[in-house]
There are 2 protein chains.
Amino acid sequence: MSKKTKYVYFFGGEKAEGKTEMKNLLGGKGANLAEMVNIGMPVPAGFTITTEVCTYYYNNKKKYPKELKEQVLTALKKVEKYMGAKFGDPKNPLLVSVRSGARASMPGMMDTILNLGLNDKTVLGLIEKTKNPRFAYDSYRRFVQMYGDVVLDLKPADKHSEDPFEVLLEKKKGKYGLKLDTELTAEHLKELVEEFKAEIKAKTGRDFPTDPMQQLWGAIGAVFGSWMNERAIIYRKLNNIPADWGTAVSVQSMVFGNMGEDSGTGVAFTRDPATGENVFYGEYLFNAQGEDVVAGIRTPHPIAELQKDNPDIYKQLMKIRKNLEKHYKEMMDIEFTIQQGKLWMLQCRVGKRTGFAAIRMAVDMVKEKLISKEDALSRIEPNQLNQLLRPIFDLSEKRKAFEEGKLLTKGLNAGPGAASGKIALNAQDAETMAAKGEKVILVRIETSPEDIKGMDASEGILTARGGMTSHAALVARQMGKVCVAGCGALQINYKDKTVGVEGKDIVLREGDFISLDGTTGEVIQGKLETKPSEVIQVLISKTMKPDQSSIYQTYASLMRWADNLRRLNVRTNADQPDQAANAIAFGAEGIGLCRTEHMFFGGDRITSVRKMIVSDSLKERKAALDELLPLQRSDFEGLFEVMNGKPVTIRTLDPPLHEFLPHSDEEIEELAGELNISVKKLKEKIESLHEFNPMLGFRGCRLGVTYPEITEMQSRAIIEAAINVANKGIKVQPEIMIPLVSHVNEFTLQEEIVRKVAKEVMKEKGKKIKYLVGTMIELPRASLTADEIAKRAEFFSFGTNDLTQTTFGLSRDDAGKFLPLYVEREILPADPFESIDQAGVGQLVEIGTKKGRSTRPGLKVGICGEHGGEPESVEFCHRTGLDYVSCSPFRVPIARLAAARAVVHDLSSKKKSKSKKKKKKSSKKKHKK
Amino acid sequence: MSKKTKYVYFFGGEKAEGKTEMKNLLGGKGANLAEMVNIGMPVPAGFTITTEVCTYYYNNKKKYPKELKEQVLTALKKVEKYMGAKFGDPKNPLLVSVRSGARASMPGMMDTILNLGLNDKTVLGLIEKTKNPRFAYDSYRRFVQMYGDVVLDLKPADKHSEDPFEVLLEKKKGKYGLKLDTELTAEHLKELVEEFKAEIKAKTGRDFPTDPMQQLWGAIGAVFGSWMNERAIIYRKLNNIPADWGTAVSVQSMVFGNMGEDSGTGVAFTRDPATGENVFYGEYLFNAQGEDVVAGIRTPHPIAELQKDNPDIYKQLMKIRKNLEKHYKEMMDIEFTIQQGKLWMLQCRVGKRTGFAAIRMAVDMVKEKLISKEDALSRIEPNQLNQLLRPIFDLSEKRKAFEEGKLLTKGLNAGPGAASGKIALNAQDAETMAAKGEKVILVRIETSPEDIKGMDASEGILTARGGMTSHAALVARQMGKVCVAGCGALQINYKDKTVGVEGKDIVLREGDFISLDGTTGEVIQGKLETKPSEVIQVLISKTMKPDQSSIYQTYASLMRWADNLRRLNVRTNADQPDQAANAIAFGAEGIGLCRTEHMFFGGDRITSVRKMIVSDSLKERKAALDELLPLQRSDFEGLFEVMNGKPVTIRTLDPPLHEFLPHSDEEIEELAGELNISVKKLKEKIESLHEFNPMLGFRGCRLGVTYPEITEMQSRAIIEAAINVANKGIKVQPEIMIPLVSHVNEFTLQEEIVRKVAKEVMKEKGKKIKYLVGTMIELPRASLTADEIAKRAEFFSFGTNDLTQTTFGLSRDDAGKFLPLYVEREILPADPFESIDQAGVGQLVEIGTKKGRSTRPGLKVGICGEHGGEPESVEFCHRTGLDYVSCSPFRVPIARLAAARAVVHDLSSKKKSKSKKKKKKSSKKKHKK
């Protein structure tokens, strides 16, 4: 290093020697302090010793560069000048803090020393200045303790051993019969200072240094030393931080808010972090230190009152607020101290906020021309939109219930929103109760397709078993129902119709009120009022006009920007016209997955379905299918009408047939009667359909290949419905989707049936319509042979739920025994049923898309698993070149936003690589010169 | 086409104008006829009109090239000369056949006309020559019928309509009260000829052509015409045969074996097709046509008798036999006719044979220097080895049983060989009966791991459910047990201890005798004696010395050649020392898969295992594992000792825990008593372990990740056993294999446990041994991320059973509902559980191998699914660059042979591509000139 090397950077007054960009040299903290100074914030003056000194220190047997001492002294002089106090002056002592600051944040890993500069003389000056001997001696004893622990190394390495100073402190309290540290008087603390010093002498054989300069160098050495302490080494290893980055040391003047009534302290946000409103939001206390605000002994005042109490400081803060937002283009969180009438800024950082506030701020800031639309989109986590969409409890009501001990348990927040209603313990009861106009919460150990009508009749669903992608969770989200799933503590007794809670002496009965917060997973005893969110009131309930709701305007702006930017289309998974209508209100551009089997339940349909299943002959089966045809056709007509020309992807029958059959003896007897066959025969049939691994069994297109008449009936229902609706002058775009294809031959056989039937129907009806025949890609083999399949299939839709199950060999119904552990211990980076496993399942999506398009260029590719509504997965779909994602109606806005963010991220990474290239170019130019 | 084009190729006498290599021009049949002539066989003379004429015909509005007529006439003259008869001569008429013959065989697709040249005059010449008016008129009426059907197009296109000639024939029989065609006299047939002609006149308006020359051109035109008939077009489409290949037409003199006692006919094989013995094998009849030999009215004589009956012809045949084998280097199947003392060869083709014969012939021919070792290897289907290895029934005994109606039903031939014993309906009974020295056949609806000891005690296993890779089939093959699986017709009643057969009035009871032929799938009532094959008597039973068995010598030679050639190593799947010893006798070079869970059954072990499973605490679980440790250790010691330095791959615990727990109330009560816990608690535990999809559930390394103490115990048992055995001076090569890894992190966690324990044990024992830690690749995700996994795993073993299940999304336990249909209808080219699905699952094997070696060059890769013993799959493994295959002991020889054949196929395809290159080069050279 040359003699001219600058090792010490001053900050304070109006200008600092450093700036944000010098983070590598000054550390994060040093650079930020410099930056605050540079943007006109009054920061207690100080200086930063660079990371180069750290490197030098370790490369040169823990010696400093010889220029350092002089540079520190020079900087210290400047600090004294700016702060109007003098280091070691008994009258007007300057006190400083000494802190580490590496290039990357290493929270809690290294040591800090406060109040440095105190000794038996300067403490008197502090008393003089603060008129508060207790505060002065408390500061002094803290300093001695910290110095002893950190610089003189008396802190026990083993956390089981005791800090010697804490031992003395406890002893002191014991002696005077005191419980709290705060009960110690100035006199007690003064005694402690002496005892601490004696302890140091005893333990180290050296006197506590009274010379502030000696204190300072000791502290600087200790901070550099802490770079190589064990904690720091382990932390760096875990976080891949190279040891040779080194740490900087920042020495900064201490300021005090407790130096009388012209002093004070406060915290504030540049906007309201709860609502996002563009108002200055915070609190302050006069004659207090930061701890006092937090301790809750005194009640702080709202920041607005400062305008009256100290208009000058308020004005300064308002100016800082404005500058901060202008500079950082963000809502900032600040800490300040007023020391004897002078405002000092101690900290500023990007403020935390609710999802609600995040959205409002981002949209407002665009309108204020503070940030671009892209910035706004990139700042909002798509899931935060939920806070604008879901029904809500009144917060104060919920808090009251908690105080009364009504919180029963917590489960998985599987379907966001709030719901309150009477407990129903089976789907039939739920329907009956709902028919009477009662609000119902369906409480089940787990749900199955038979429960769908009951789920639809309920406000919310609560289950004891099942994860985020259990049947209950999936269906609830698709229906937009509140759902709390996997509440292991629930003890549900179907016979007695009671619900208990493990460890609680409570028995709820069917008909009792219960409330679910599906956003948090809380299950609450009793009734709580809910209300739809404002956005929903505009979009769906139509109880409010758009112009009455500023939140709706915010939502609408954001969605407009997102739609303008995104490339991915967003469709929805919906089986019912009302679901589809909701989805359109949420911006869905088509149906990506209509599960026809959901239409098989309800009314007399299930009887026809069951007839078909137990049929022994083709003739019987066809007769049963003939009964189903008009019902399915009218289902599809409803969908086509609502979708009004948007594409509708309809999947042919998928689930194993045994899912449609009853299980209890009672139900079986009843069904046998209805079907006019013997109970024995029915039981045999049910037994014969039993499967060891239904997920890998007789389902998907295997049904249609074995019983072509099922596919025939469904194809006929779809094409007839499409023509009927088209005849009303409504456009139709049917897309028929064959599930669970593993080999192109399966697809071909099913496709031939669809085309044959479509041709027949069009001839019968004398009208032609366009339709597509495509397939779900939901088995690894389908992805691997997608080139073959795409020769026949006109579109692909990745069914990533099943693809995840088969790729991992993991049944989502059974994963509960180990998957939570896997996620908790980070064996898997995330639950692959929540966010798509990009390295494995994603690879198959990439392979399938690429191979598919290799034989059918421009092949339309989408995704219709639950991942279609999960932001990370949506971004993955964008990068992989998919055409659309499809998700449950209530996740459509989230997917739209995620799709737009994907474009923003694209643009920013392009920008980065461009600027890198530019840099390279310019450096090349330099070289040429 | 130039004027000089040769369109007609003569054959006959000593030399033909064509040869085998001219197949494209002369069709398969024409080329073969020419070749037979060229190698000195007396073939009835004839000529072939080339495929080019066919092409010309269709390109020129069904006209022939003008040179054709003259060339046909010239050839016909030559034929007359060689055959000593004249076309159309009333005294000595030459009759011919006209047949199609394309480049590729299209059996039954095109038409043939026999006896052409007959008319009212020449028929008299035929009578004169044969002294057999009935034969002559029968020939004549057949000719008129064929000509009418084929040339004049009277054959009904619709198979439901009747052939007009058949109608007349039936009428005639009716008229004379006859039942069989053979009862018609010469007079009847003569009448029919006239009626047939009248029918032709009536239907076509034209007279039947009496001019033989006109007949000939009509027939030639009909054959070319049949190239474009619907059947032929469909066949070509299905078999990818281009239409422009065209067909040739072969016109050949007819010869007759029924022209008196100096005429005759016969069929023969150049070696015995049943035993492979190098003797001339066949039968003949004097004064007979080929049909007479087949019809079974007269009993043909063994060919050896011909030596006495007609030493000259016999000598000729022996010469032909020798020449044929010399030329074709194969055992040939011939048809011959003796017409008035002259021998004519009608057909020669490669002869069909038993597996037994195939092996013997191939080995003999090498020793005779007729073929190379590579040829021999390529000629034997590896599965044919089974016929040398499996126990067998005496064929005549079995036939007798069939005649007595003892064949009960047929199932899948899941475990080859023959077994006879008393029915046991559960594993416990099987053990008990076997302990009394009885031979037992275990008959179950299906088997589960609990049944393993009972299966081991039985001679054979018969199941009502499950496919070729069901538990019963897998375990049976591994144990070398006879197995017939999936016998749907069986009605097994465990309560009554009876077995019925659908559609039969039979009830078998436990203790009744039953016999299984696992090679054919036959289930036979009663007892049949079995005997081990000779090879087994030498290899395993040791009841015979190698030099006493020529079959063993044959087997040994073949295996020696195979071993010298193959690159793939062959290991075995074995859990028990005796299985391993068998496998070594069969040539296994290591254990590729030891399933430790199989050791968990039997004796008191299962109780300890169950204790472990129902444990509520780590402490309890460890205590149960401590009980298992010495048992597992001694298992492994046994294996290491038998394997004597060969590698032993041991898989840690894999199956879902519920497989180890009892299911019936009785068993549960018993176990609760043993474990000293309440029945309720045990039931709850069993219930909690229930899985919806056990295949995708809590199993494989998920067990070891969740309960590391299991992996710890198993690792300890392995390493302790290895050191104990090593201390005896026996080499050990343990390879520890972690199952069902989907993410590298799972592997890493398990590997760390293994290495930690191994280090501990080696320290305790004061001895170091080498061992490997690797993984099963049995999930798509593992293949896709094999590069990551191979950074840690020292070897891969593809578990293609589970990989097939997950890649296809297909549970092999449930596939029975549709997979048979899929295979039957060729939706899938083969059952993917039998032969590896190369396009899908194989792709994952390739990806996994390639990616694995990308991060760990030279990574050892094997396969241990059932596919490891299936010849096609073994060849696939060779091509994909795997290091070894592992299969059940009895399939080891099959795998060795398949591995050698893979090399042979490699060599021959290299040769082909080399010769192609050479050709290209030489054609390039020509161009240069």
# chains A, B, ... in the order shown; residues from 1 in each chain; ligands from 1
$ interface_residues --of "chain A" --to "chain B" --cutoff "7 Å" --atoms "only C-alpha atoms" --output "CSV table (one decimal) with all heavy atoms, in the first residue's frame"
chain,number,residue,atom,x,y,z
A,691,GLU,N,-57.9,-50.3,-5.1
A,691,GLU,CA,-56.5,-50.2,-5.7
A,691,GLU,C,-55.5,-50.0,-4.6
A,691,GLU,O,-55.8,-49.4,-3.6
A,691,GLU,CB,-56.4,-49.0,-6.7
A,691,GLU,CG,-57.3,-49.3,-7.9
A,691,GLU,CD,-57.1,-48.2,-9.0
A,691,GLU,OE1,-57.3,-47.1,-8.7
A,691,GLU,OE2,-56.7,-48.6,-10.1
A,692,PHE,N,-54.3,-50.6,-4.8
A,692,PHE,CA,-53.2,-50.4,-3.9
A,692,PHE,C,-52.7,-49.0,-3.9
A,692,PHE,O,-52.4,-48.4,-2.9
A,692,PHE,CB,-52.1,-51.4,-4.1
A,692,PHE,CG,-52.5,-52.8,-4.0
A,692,PHE,CD1,-52.8,-53.6,-5.1
A,692,PHE,CD2,-52.6,-53.3,-2.7
A,692,PHE,CE1,-53.2,-54.9,-4.9
A,692,PHE,CE2,-53.0,-54.7,-2.5
A,692,PHE,CZ,-53.3,-55.4,-3.6
A,693,ASN,N,-52.5,-48.5,-5.1
A,693,ASN,CA,-52.0,-47.1,-5.3
A,693,ASN,C,-52.9,-46.4,-6.3
A,693,ASN,O,-52.6,-46.3,-7.5
A,693,ASN,CB,-50.6,-47.2,-5.9
A,693,ASN,CG,-49.6,-47.8,-4.9
A,693,ASN,OD1,-49.3,-47.2,-3.9
A,693,ASN,ND2,-49.2,-49.1,-5.2
A,694,PRO,N,-54.0,-45.9,-5.9
A,694,PRO,CA,-55.0,-45.3,-6.8
A,694,PRO,C,-54.4,-44.2,-7.7
A,694,PRO,O,-54.8,-44.0,-8.8
A,694,PRO,CB,-56.1,-44.7,-5.9
A,694,PRO,CG,-55.8,-45.2,-4.5
A,694,PRO,CD,-54.5,-45.8,-4.5
A,695,MET,N,-53.4,-43.5,-7.1
A,695,MET,CA,-52.8,-42.4,-7.9
A,695,MET,C,-52.1,-43.0,-9.1
A,695,MET,O,-52.0,-42.3,-10.1
A,695,MET,CB,-51.7,-41.8,-6.9
A,695,MET,CG,-50.7,-41.0,-7.6
A,695,MET,SD,-51.4,-39.5,-8.2
A,695,MET,CE,-50.2,-39.2,-9.6
A,696,LEU,N,-51.6,-44.2,-9.1
A,696,LEU,CA,-51.0,-44.8,-10.2
A,696,LEU,C,-51.8,-45.9,-10.8
A,696,LEU,O,-51.3,-46.9,-11.4
A,696,LEU,CB,-49.6,-45.5,-9.7
A,696,LEU,CG,-48.7,-44.6,-8.9
A,696,LEU,CD1,-47.5,-45.4,-8.4
A,696,LEU,CD2,-48.2,-43.4,-9.8
A,697,GLY,N,-53.1,-45.8,-10.7
A,697,GLY,CA,-54.0,-46.9,-11.1
A,697,GLY,C,-54.8,-46.7,-12.3
A,697,GLY,O,-54.4,-46.1,-13.3
A,698,PHE,N,-56.0,-47.2,-12.2
A,698,PHE,CA,-56.9,-47.2,-13.4
A,698,PHE,C,-57.7,-45.9,-13.4
A,698,PHE,O,-58.8,-45.7,-12.9
A,698,PHE,CB,-57.9,-48.4,-13.2
A,698,PHE,CG,-58.8,-48.7,-14.3
A,698,PHE,CD1,-58.3,-48.5,-15.6
A,698,PHE,CD2,-60.1,-49.0,-14.1
A,698,PHE,CE1,-59.2,-48.8,-16.7
A,698,PHE,CE2,-61.0,-49.3,-15.2
A,698,PHE,CZ,-60.5,-49.2,-16.5
A,702,ARG,N,-56.7,-44.0,-19.2
A,702,ARG,CA,-56.8,-45.4,-19.1
A,702,ARG,C,-58.3,-45.9,-19.1
A,702,ARG,O,-58.6,-46.9,-19.5
A,702,ARG,CB,-56.1,-46.0,-17.9
A,702,ARG,CG,-54.6,-45.7,-18.0
A,702,ARG,CD,-53.8,-45.7,-16.7
A,702,ARG,NE,-52.5,-45.2,-16.9
A,702,ARG,CZ,-51.6,-45.0,-15.9
A,702,ARG,NH1,-52.0,-45.3,-14.6
A,702,ARG,NH2,-50.4,-44.6,-16.1
A,706,THR,N,-60.1,-48.0,-22.1
A,706,THR,CA,-60.7,-49.3,-21.8
A,706,THR,C,-62.2,-49.2,-22.0
A,706,THR,O,-62.8,-50.2,-22.5
A,706,THR,CB,-60.5,-49.6,-20.3
A,706,THR,OG1,-59.1,-49.5,-20.0
A,706,THR,CG2,-60.9,-51.0,-19.9
A,742,SER,N,-49.4,-41.4,-21.2
A,742,SER,CA,-48.0,-41.8,-21.0
A,742,SER,C,-47.4,-42.2,-22.3
A,742,SER,O,-46.2,-42.1,-22.5
A,742,SER,CB,-47.9,-43.0,-20.0
A,742,SER,OG,-48.4,-44.2,-20.6
A,745,ASN,N,-49.7,-43.4,-28.2
A,745,ASN,CA,-50.8,-44.3,-28.7
A,745,ASN,C,-52.1,-44.1,-27.9
A,745,ASN,O,-53.2,-44.3,-28.5
A,745,ASN,CB,-50.4,-45.8,-28.7
A,745,ASN,CG,-49.4,-46.1,-29.7
A,745,ASN,OD1,-49.1,-45.3,-30.6
A,745,ASN,ND2,-48.8,-47.3,-29.6
A,746,GLU,N,-52.0,-43.9,-26.6
A,746,GLU,CA,-53.2,-43.7,-25.8
A,746,GLU,C,-53.9,-42.4,-26.3
A,746,GLU,O,-55.1,-42.4,-26.5
A,746,GLU,CB,-52.8,-43.5,-24.3
A,746,GLU,CG,-52.2,-44.7,-23.7
A,746,GLU,CD,-51.7,-44.3,-22.3
A,746,GLU,OE1,-50.7,-43.5,-22.1
A,746,GLU,OE2,-52.3,-44.8,-21.3
A,779,LEU,N,-47.2,-36.9,-16.6
A,779,LEU,CA,-46.4,-38.1,-16.2
A,779,LEU,C,-45.0,-37.9,-16.8
A,779,LEU,O,-44.8,-37.3,-17.9
A,779,LEU,CB,-46.9,-39.3,-16.8
A,779,LEU,CG,-48.3,-39.8,-16.3
A,779,LEU,CD1,-48.9,-40.9,-17.1
A,779,LEU,CD2,-48.2,-40.1,-14.8
A,780,PRO,N,-43.9,-38.3,-16.1
A,780,PRO,CA,-42.6,-38.1,-16.7
A,780,PRO,C,-42.4,-38.6,-18.1
A,780,PRO,O,-41.9,-38.0,-19.0
A,780,PRO,CB,-41.7,-38.8,-15.7
A,780,PRO,CG,-42.4,-38.8,-14.4
A,780,PRO,CD,-43.9,-38.8,-14.8
A,781,ARG,N,-43.1,-39.8,-18.4
A,781,ARG,CA,-42.9,-40.3,-19.7
A,781,ARG,C,-43.5,-39.4,-20.8
A,781,ARG,O,-43.0,-39.4,-21.9
A,781,ARG,CB,-43.6,-41.7,-19.8
A,781,ARG,CG,-43.1,-42.5,-20.9
A,781,ARG,CD,-43.7,-43.9,-21.1
A,781,ARG,NE,-43.0,-44.6,-22.1
A,781,ARG,CZ,-43.1,-44.4,-23.4
A,781,ARG,NH1,-44.0,-43.4,-23.8
A,781,ARG,NH2,-42.4,-45.1,-24.3
A,784,LEU,N,-40.9,-36.8,-21.5
A,784,LEU,CA,-39.8,-37.4,-22.2
A,784,LEU,C,-40.1,-37.7,-23.6
A,784,LEU,O,-39.2,-37.8,-24.5
A,784,LEU,CB,-39.3,-38.6,-21.4
A,784,LEU,CG,-38.7,-38.3,-20.0
A,784,LEU,CD1,-38.6,-39.6,-19.2
A,784,LEU,CD2,-37.4,-37.6,-20.1
A,785,THR,N,-41.3,-38.0,-23.9
A,785,THR,CA,-41.7,-38.4,-25.3
A,785,THR,C,-42.6,-37.4,-25.9
A,785,THR,O,-43.5,-37.7,-26.7
A,785,THR,CB,-42.3,-39.8,-25.4
A,785,THR,OG1,-43.6,-39.8,-24.6
A,785,THR,CG2,-41.4,-40.9,-24.8
A,806,THR,N,-45.3,-37.9,-9.4
A,806,THR,CA,-44.6,-39.0,-10.0
A,806,THR,C,-43.1,-38.8,-10.1
A,806,THR,O,-42.3,-39.7,-10.0
A,806,THR,CB,-45.2,-39.3,-11.4
A,806,THR,OG1,-45.3,-38.1,-12.1
A,806,THR,CG2,-46.5,-40.0,-11.3
A,807,THR,N,-42.7,-37.5,-10.4
A,807,THR,CA,-41.3,-37.2,-10.5
A,807,THR,C,-40.5,-37.4,-9.2
A,807,THR,O,-39.4,-38.0,-9.2
A,807,THR,CB,-41.1,-35.7,-10.9
A,807,THR,OG1,-41.8,-35.6,-12.2
A,807,THR,CG2,-39.6,-35.4,-11.2
A,808,PHE,N,-41.2,-37.1,-8.1
A,808,PHE,CA,-40.6,-37.3,-6.8
A,808,PHE,C,-40.9,-38.7,-6.2
A,808,PHE,O,-40.4,-39.1,-5.2
A,808,PHE,CB,-41.2,-36.3,-5.8
A,808,PHE,CG,-40.4,-35.0,-5.7
A,808,PHE,CD1,-40.8,-33.9,-6.4
A,808,PHE,CD2,-39.3,-34.9,-4.9
A,808,PHE,CE1,-40.1,-32.7,-6.4
A,808,PHE,CE2,-38.6,-33.7,-4.8
A,808,PHE,CZ,-39.0,-32.6,-5.5
A,809,GLY,N,-41.9,-39.4,-6.8
A,809,GLY,CA,-42.4,-40.6,-6.2
A,809,GLY,C,-43.0,-40.3,-4.9
A,809,GLY,O,-42.7,-41.0,-3.9
A,810,LEU,N,-43.9,-39.3,-4.8
A,810,LEU,CA,-44.3,-38.8,-3.6
A,810,LEU,C,-45.8,-38.5,-3.7
A,810,LEU,O,-46.3,-37.7,-4.4
A,810,LEU,CB,-43.6,-37.4,-3.4
A,810,LEU,CG,-43.7,-36.7,-2.1
A,810,LEU,CD1,-43.1,-37.5,-1.0
A,810,LEU,CD2,-43.0,-35.4,-2.2
A,811,SER,N,-46.6,-39.2,-2.9
A,811,SER,CA,-48.0,-39.0,-2.8
A,811,SER,C,-48.4,-37.9,-1.9
A,811,SER,O,-48.0,-37.9,-0.8
A,811,SER,CB,-48.7,-40.3,-2.3
A,811,SER,OG,-50.0,-40.0,-1.7
A,813,ASP,N,-51.0,-37.1,-0.6
A,813,ASP,CA,-51.9,-37.5,0.5
A,813,ASP,C,-51.1,-38.2,1.6
A,813,ASP,O,-51.6,-38.3,2.8
A,813,ASP,CB,-53.0,-38.5,0.0
A,813,ASP,CG,-54.0,-37.8,-0.9
A,813,ASP,OD1,-54.3,-36.7,-0.6
A,813,ASP,OD2,-54.4,-38.4,-1.9
A,814,ASP,N,-49.9,-38.7,1.3
A,814,ASP,CA,-49.2,-39.5,2.3
A,814,ASP,C,-47.9,-38.8,2.8
A,814,ASP,O,-47.2,-39.2,3.7
A,814,ASP,CB,-48.8,-40.9,1.7
A,814,ASP,CG,-50.0,-41.7,1.3
A,814,ASP,OD1,-50.9,-41.8,2.1
A,814,ASP,OD2,-50.0,-42.2,0.2
A,815,ALA,N,-47.6,-37.6,2.1
A,815,ALA,CA,-46.4,-37.0,2.4
A,815,ALA,C,-46.3,-36.4,3.8
A,815,ALA,O,-45.2,-36.0,4.3
A,815,ALA,CB,-46.1,-35.9,1.3
A,817,LYS,N,-46.2,-37.5,6.6
A,817,LYS,CA,-45.4,-38.2,7.5
A,817,LYS,C,-44.0,-37.7,7.5
A,817,LYS,O,-43.2,-37.9,8.5
A,817,LYS,CB,-45.4,-39.7,7.3
A,817,LYS,CG,-46.8,-40.3,7.6
A,817,LYS,CD,-46.7,-41.8,7.8
A,817,LYS,CE,-48.0,-42.4,7.9
A,817,LYS,NZ,-48.9,-42.3,6.7
A,818,PHE,N,-43.5,-37.2,6.4
A,818,PHE,CA,-42.1,-36.8,6.3
A,818,PHE,C,-41.9,-35.4,5.6
A,818,PHE,O,-40.9,-34.8,5.9
A,818,PHE,CB,-41.3,-37.9,5.6
A,818,PHE,CG,-41.8,-38.3,4.3
A,818,PHE,CD1,-41.3,-37.7,3.2
A,818,PHE,CD2,-42.8,-39.2,4.2
A,818,PHE,CE1,-41.9,-38.0,1.9
A,818,PHE,CE2,-43.3,-39.6,3.0
A,818,PHE,CZ,-42.9,-39.0,1.8
A,827,ILE,N,-34.2,-30.0,3.6
A,827,ILE,CA,-33.7,-31.1,2.8
A,827,ILE,C,-34.2,-30.8,1.4
A,827,ILE,O,-33.5,-31.0,0.4
A,827,ILE,CB,-34.2,-32.5,3.3
A,827,ILE,CG1,-33.7,-32.7,4.7
A,827,ILE,CG2,-33.9,-33.6,2.3
A,827,ILE,CD1,-34.3,-33.9,5.4
A,840,GLY,N,-36.1,-30.3,-10.8
A,840,GLY,CA,-36.5,-31.6,-11.2
A,840,GLY,C,-37.8,-31.6,-12.0
A,840,GLY,O,-37.7,-31.8,-13.3
$ select_by_dssp --residues "region 137-270 of chain A" --states "helix (DSSP H, G or I)" --output "PyMOL selection string"
chain A and resi 137-151+164-176+181-183+186-204+212-226+230-238+243-245
$ calpha_fit_rmsd --fixed "chain A" --moving "chain B"
0.5 Å
$ select_by_dssp --residues "region 432-514 of chain A" --states "strand (DSSP E or B)" --output "ChimeraX atom specification"
/A:440-444,460-463,482-485,490-493,498-501,507-509,513-514
$ residues_around --residues "Tyr147 (chain A)" --least-positions-apart "4" --cutoff "9 Å" --atoms "only C-alpha atoms" --output "VMD selection string"
chain A and resid 113 to 114 116 142 to 143 151 to 154 208 215 218 to 219
$ closest_residue --among "A:Gln307, A:Thr530, A:Thr55, A:Ser448" --to "Pro655 (chain A)" --atoms "only C-alpha atoms"
A:Ser448
$ closest_residue --among "B:Gly700, B:Val443, B:Ile452, B:Arg477" --to "Leu490 (chain B)" --atoms "only C-alpha atoms"
B:Val443
$ residues_around --residues "region 129-136 of chain B" --least-positions-apart "2" --cutoff "10 Å" --atoms "only C-alpha atoms" --output "ChimeraX atom specification"
/B:91-93,115,118,122-127,138-142,182,184-190,256-260,263,287,289,339-340
$ residues_around --residues "Gly101 (chain A)" --least-positions-apart "4" --cutoff "12 Å" --atoms "only C-alpha atoms" --output "VMD selection string"
chain A and resid 23 to 33 48 to 51 54 105 to 112 220 223 to 224 226 to 227 245 to 251
$ residues_around --residues "Glu597 (chain A)" --least-positions-apart "6" --cutoff "10 Å" --atoms "only C-alpha atoms" --output "list in words"
Pro449, Asp575, Val609, Gln632, Arg651, Thr652, Leu653, Asp654, Pro655 and Phe660 of chain A
$ residues_around --residues "Asn573 (chain A)" --least-positions-apart "5" --cutoff "7 Å" --atoms "only C-alpha atoms" --output "ChimeraX atom specification"
/A:478,591-594,886-889
$ atom_distance --atom1 "CA of Lys611 (chain B)" --atom2 "CA of Met737 (chain B)"
24.8 Å
